[in-house]
$ cat input01.pdb   # PDB, C-alpha atoms
ATOM      1  CA  MET A   1      11.625 -70.167  -8.993  1.00  0.00           C
ATOM      2  CA  THR A   2       9.686 -67.098  -7.960  1.00  0.00           C
ATOM      3  CA  GLY A   3      12.417 -64.514  -8.449  1.00  0.00           C
ATOM      4  CA  ARG A   4      11.277 -62.711  -5.320  1.00  0.00           C
ATOM      5  CA  ARG A   5      13.315 -63.071  -2.174  1.00  0.00           C
ATOM      6  CA  THR A   6      11.547 -64.479   0.864  1.00  0.00           C
ATOM      7  CA  ARG A   7      13.026 -62.666   3.827  1.00  0.00           C
ATOM      8  CA  LEU A   8      13.828 -64.681   6.901  1.00  0.00           C
ATOM      9  CA  LYS A   9      12.732 -63.715  10.364  1.00  0.00           C
ATOM     10  CA  ASP A  10      15.443 -62.300  12.605  1.00  0.00           C
ATOM     11  CA  ARG A  11      14.836 -65.209  14.973  1.00  0.00           C
ATOM     12  CA  ARG A  12      14.509 -68.626  13.335  1.00  0.00           C
ATOM     13  CA  ALA A  13      15.379 -72.255  13.817  1.00  0.00           C
ATOM     14  CA  HIS A  14      19.032 -72.959  13.027  1.00  0.00           C
ATOM     15  CA  TRP A  15      21.054 -76.147  13.394  1.00  0.00           C
ATOM     16  CA  LEU A  16      24.809 -76.565  13.532  1.00  0.00           C
ATOM     17  CA  PHE A  17      26.628 -79.779  12.756  1.00  0.00           C
ATOM     18  CA  ARG A  18      29.875 -81.132  11.369  1.00  0.00           C
ATOM     19  CA  PHE A  19      30.488 -83.229   8.279  1.00  0.00           C
ATOM     20  CA  GLU A  20      33.409 -84.398   6.156  1.00  0.00           C
ATOM     21  CA  CYS A  21      34.012 -84.222   2.424  1.00  0.00           C
ATOM     22  CA  ASP A  22      37.153 -85.304   0.581  1.00  0.00           C
ATOM     23  CA  GLY A  23      39.136 -85.559   3.802  1.00  0.00           C
ATOM     24  CA  GLN A  24      38.208 -82.023   4.917  1.00  0.00           C
ATOM     25  CA  SER A  25      36.081 -81.251   7.979  1.00  0.00           C
ATOM     26  CA  TYR A  26      33.376 -78.604   7.800  1.00  0.00           C
ATOM     27  CA  THR A  27      30.962 -76.975  10.222  1.00  0.00           C
ATOM     28  CA  ASP A  28      27.581 -76.198   8.771  1.00  0.00           C
ATOM     29  CA  GLY A  29      24.631 -74.097   9.767  1.00  0.00           C
ATOM     30  CA  ILE A  30      21.162 -74.752   8.383  1.00  0.00           C
ATOM     31  CA  GLY A  31      18.355 -72.265   8.879  1.00  0.00           C
ATOM     32  CA  THR A  32      14.739 -72.897   7.967  1.00  0.00           C
ATOM     33  CA  PHE A  33      11.623 -71.070   6.924  1.00  0.00           C
ATOM     34  CA  GLU A  34       8.662 -71.262   9.294  1.00  0.00           C
ATOM     35  CA  ASP A  35       7.270 -74.249   7.351  1.00  0.00           C
ATOM     36  CA  GLY A  36      10.495 -76.240   7.904  1.00  0.00           C
ATOM     37  CA  ARG A  37      11.998 -75.886   4.409  1.00  0.00           C
ATOM     38  CA  ILE A  38      15.715 -75.151   4.257  1.00  0.00           C
ATOM     39  CA  ALA A  39      16.196 -71.397   3.874  1.00  0.00           C
ATOM     40  CA  GLU A  40      19.898 -70.878   4.411  1.00  0.00           C
ATOM     41  CA  VAL A  41      23.122 -72.819   4.298  1.00  0.00           C
ATOM     42  CA  LEU A  42      26.381 -71.668   5.882  1.00  0.00           C
ATOM     43  CA  ILE A  43      29.625 -73.653   5.604  1.00  0.00           C
ATOM     44  CA  ASN A  44      32.953 -73.083   7.353  1.00  0.00           C
ATOM     45  CA  GLY A  45      36.031 -75.237   6.976  1.00  0.00           C
ATOM     46  CA  THR A  46      38.301 -76.218   9.827  1.00  0.00           C
ATOM     47  CA  LYS A  47      41.295 -75.103   7.759  1.00  0.00           C
ATOM     48  CA  VAL A  48      40.552 -71.380   7.729  1.00  0.00           C
ATOM     49  CA  GLY A  49      41.671 -69.412   4.704  1.00  0.00           C
ATOM     50  CA  THR A  50      42.162 -72.407   2.422  1.00  0.00           C
ATOM     51  CA  ALA A  51      40.801 -72.687  -1.097  1.00  0.00           C
ATOM     52  CA  ALA A  52      38.608 -75.583   0.066  1.00  0.00           C
ATOM     53  CA  GLU A  53      36.959 -73.402   2.689  1.00  0.00           C
ATOM     54  CA  SER A  54      36.549 -70.447   0.303  1.00  0.00           C
ATOM     55  CA  ASN A  55      34.960 -72.650  -2.363  1.00  0.00           C
ATOM     56  CA  ALA A  56      32.582 -74.207   0.172  1.00  0.00           C
ATOM     57  CA  GLN A  57      31.575 -70.777   1.481  1.00  0.00           C
ATOM     58  CA  ASP A  58      31.024 -69.452  -2.049  1.00  0.00           C
ATOM     59  CA  ALA A  59      28.792 -72.423  -2.890  1.00  0.00           C
ATOM     60  CA  ALA A  60      26.836 -71.902   0.338  1.00  0.00           C
ATOM     61  CA  ILE A  61      26.249 -68.224  -0.466  1.00  0.00           C
ATOM     62  CA  VAL A  62      24.865 -69.084  -3.900  1.00  0.00           C
ATOM     63  CA  ALA A  63      22.631 -71.786  -2.362  1.00  0.00           C
ATOM     64  CA  TYR A  64      21.480 -69.323   0.326  1.00  0.00           C
ATOM     65  CA  LEU A  65      20.405 -66.826  -2.330  1.00  0.00           C
ATOM     66  CA  ALA A  66      18.774 -69.475  -4.540  1.00  0.00           C
ATOM     67  CA  LEU A  67      16.784 -70.916  -1.624  1.00  0.00           C
ATOM     68  CA  GLN A  68      15.490 -67.504  -0.564  1.00  0.00           C
ATOM     69  CA  HIS A  69      14.419 -66.808  -4.147  1.00  0.00           C
ATOM     70  CA  GLY A  70      12.322 -69.979  -4.292  1.00  0.00           C
ATOM     71  CA  CYS A  71      14.688 -72.561  -5.739  1.00  0.00           C
ATOM     72  CA  PRO A  72      13.872 -75.983  -4.233  1.00  0.00           C
ATOM     73  CA  VAL A  73      16.648 -77.923  -2.486  1.00  0.00           C
ATOM     74  CA  GLU A  74      16.014 -80.805  -4.894  1.00  0.00           C
ATOM     75  CA  THR A  75      16.868 -78.571  -7.876  1.00  0.00           C
ATOM     76  CA  ILE A  76      20.180 -77.593  -6.292  1.00  0.00           C
ATOM     77  CA  GLN A  77      20.912 -81.255  -5.520  1.00  0.00           C
ATOM     78  CA  ARG A  78      20.252 -82.285  -9.134  1.00  0.00           C
ATOM     79  CA  ALA A  79      22.413 -79.438 -10.434  1.00  0.00           C
ATOM     80  CA  LEU A  80      25.315 -80.579  -8.237  1.00  0.00           C
ATOM     81  CA  ALA A  81      25.005 -84.271  -9.142  1.00  0.00           C
ATOM     82  CA  ARG A  82      28.104 -85.639 -10.874  1.00  0.00           C
ATOM     83  CA  VAL A  83      28.755 -88.789 -12.821  1.00  0.00           C
ATOM     84  CA  GLY A  84      30.500 -91.319 -10.596  1.00  0.00           C
ATOM     85  CA  GLY A  85      28.931 -89.969  -7.423  1.00  0.00           C
ATOM     86  CA  SER A  86      31.727 -87.580  -6.385  1.00  0.00           C
ATOM     87  CA  ALA A  87      30.410 -84.525  -4.603  1.00  0.00           C
ATOM     88  CA  GLY A  88      31.703 -81.243  -3.221  1.00  0.00           C
ATOM     89  CA  PRO A  89      30.901 -79.913   0.258  1.00  0.00           C
ATOM     90  CA  LEU A  90      27.532 -78.373  -0.619  1.00  0.00           C
ATOM     91  CA  ALA A  91      26.274 -81.485  -2.420  1.00  0.00           C
ATOM     92  CA  THR A  92      27.500 -83.672   0.445  1.00  0.00           C
ATOM     93  CA  LEU A  93      25.780 -81.451   2.991  1.00  0.00           C
ATOM     94  CA  LEU A  94      22.455 -81.336   1.135  1.00  0.00           C
ATOM     95  CA  ARG A  95      22.514 -85.095   0.621  1.00  0.00           C
ATOM     96  CA  THR A  96      23.087 -85.532   4.370  1.00  0.00           C
ATOM     97  CA  VAL A  97      20.344 -83.176   5.606  1.00  0.00           C
ATOM     98  CA  GLU A  98      17.692 -84.455   3.199  1.00  0.00           C
ATOM     99  CA  LYS A  99      17.918 -88.054   4.453  1.00  0.00           C
TER     100      LYS A  99
END

$ encode --input "input01.pdb" --output "structure tokens"
Amino acid sequence: MTGRRTRLKDRRAHWLFRFECDGQSYTDGIGTFEDGRIAEVLINGTKVGTAAESNAQDAAIVAYLALQHGCPVETIQRALARVGGSAGPLATLLRTVEK
């Protein structure tokens, strides 16, 4: 990790899509650096104001900061890996977009 934040352009590629995790539906936004690497992750739950949505948003904020400071997506994926294969919203999302 470089420790220095790579600022994103004001205008950049960004994709929106929906996914499910543990019976909850989420809407996600993925933004990229100019070279196509994932630069930002935004997650919103369909059940606004719930703990599930708050936890997903908190995880996305941490991932957003880590990515812009040079942490590779693969490192975040490995850190979120759990025995038995269960995964939270961020891990599910990253597994989905990296396929």

$ closest_residue --input "input01.pdb" --among "A:Ala79, A:Ala91, A:Ala60, A:Leu8" --to "A:Glu34" --atoms "all atoms listed in the file"
A:Leu8

$ resolve_selection --input "input01.pdb" --expression "the PyMOL selection byres ((chain A and resi 17-25) around 6)" --output "PyMOL selection string"
chain A and resi 16+26-28+46+89

$ atom_distance --input "input01.pdb" --atom1 "atom CA of A:Leu94" --atom2 "atom CA of A:Gln77"
6.8 Å

$ atom_distance --input "input01.pdb" --atom1 "atom CA of A:Arg37" --atom2 "atom CA of A:Val62"
16.8 Å

$ atom_distance --input "input01.pdb" --atom1 "atom CA of A:Gly70" --atom2 "atom CA of A:Val41"
14.1 Å

$ resolve_selection --input "input01.pdb" --expression "the PyMOL selection byres ((chain A and resi 67) around 9)" --output "list in words"
Arg5, Thr6, Ile38, Ala39, Glu40, Val41, Val62, Ala63, Tyr64, Leu65, Ala66, Gln68, His69, Gly70, Cys71, Pro72, Val73 and Ile76 of chain A

$ closest_residue --input "input01.pdb" --among "A:Ala81, A:Asp35, A:Arg12, A:Leu42" --to "A:Gln57" --atoms "all atoms listed in the file"
A:Leu42

$ axis_aligned_box --input "input01.pdb" --around "stretch 72-80 of chain A" --padding-each-side "4 Å" --output "AutoDock Vina command-line options"
--center_x 19.6 --center_y -79.1 --center_z -6.5 --size_x 19.4 --size_y 14.3 --size_z 15.9

$ residues_near_point --input "input01.pdb" --point "(33.8, -72.2, -0.7)" --cutoff "9 Å" --atoms "only C-alpha atoms" --output "list in words"
Ile43, Asn44, Gly45, Thr50, Ala51, Ala52, Glu53, Ser54, Asn55, Ala56, Gln57, Asp58, Ala59, Ala60, Ile61, Pro89 and Leu90 of chain A

$ write_last_selection --input "input01.pdb" --atoms "C-alpha atoms" --output "PDB file, in the coordinates of the input"
ATOM      1  CA  ILE A  43      29.625 -73.653   5.604  1.00  0.00           C
ATOM      2  CA  ASN A  44      32.953 -73.083   7.353  1.00  0.00           C
ATOM      3  CA  GLY A  45      36.031 -75.237   6.976  1.00  0.00           C
ATOM      4  CA  THR A  50      42.162 -72.407   2.422  1.00  0.00           C
ATOM      5  CA  ALA A  51      40.801 -72.687  -1.097  1.00  0.00           C
ATOM      6  CA  ALA A  52      38.608 -75.583   0.066  1.00  0.00           C
ATOM      7  CA  GLU A  53      36.959 -73.402   2.689  1.00  0.00           C
ATOM      8  CA  SER A  54      36.549 -70.447   0.303  1.00  0.00           C
ATOM      9  CA  ASN A  55      34.960 -72.650  -2.363  1.00  0.00           C
ATOM     10  CA  ALA A  56      32.582 -74.207   0.172  1.00  0.00           C
ATOM     11  CA  GLN A  57      31.575 -70.777   1.481  1.00  0.00           C
ATOM     12  CA  ASP A  58      31.024 -69.452  -2.049  1.00  0.00           C
ATOM     13  CA  ALA A  59      28.792 -72.423  -2.890  1.00  0.00           C
ATOM     14  CA  ALA A  60      26.836 -71.902   0.338  1.00  0.00           C
ATOM     15  CA  ILE A  61      26.249 -68.224  -0.466  1.00  0.00           C
ATOM     16  CA  PRO A  89      30.901 -79.913   0.258  1.00  0.00           C
ATOM     17  CA  LEU A  90      27.532 -78.373  -0.619  1.00  0.00           C
TER      18      LEU A  90
END

$ resolve_selection --input "input01.pdb" --expression "the PyMOL selection byres ((chain A and resi 11) around 12)" --output "mmCIF file with C-alpha atoms, in the frame of the given file"
data_model
loop_
_atom_site.group_PDB
_atom_site.id
_atom_site.type_symbol
_atom_site.label_atom_id
_atom_site.label_comp_id
_atom_site.auth_asym_id
_atom_site.auth_seq_id
_atom_site.Cartn_x
_atom_site.Cartn_y
_atom_site.Cartn_z
ATOM 1 C CA ARG A 7 13.026 -62.666 3.827
ATOM 2 C CA LEU A 8 13.828 -64.681 6.901
ATOM 3 C CA LYS A 9 12.732 -63.715 10.364
ATOM 4 C CA ASP A 10 15.443 -62.300 12.605
ATOM 5 C CA ARG A 12 14.509 -68.626 13.335
ATOM 6 C CA ALA A 13 15.379 -72.255 13.817
ATOM 7 C CA HIS A 14 19.032 -72.959 13.027
ATOM 8 C CA GLY A 31 18.355 -72.265 8.879
ATOM 9 C CA THR A 32 14.739 -72.897 7.967
ATOM 10 C CA PHE A 33 11.623 -71.070 6.924
ATOM 11 C CA GLU A 34 8.662 -71.262 9.294
#
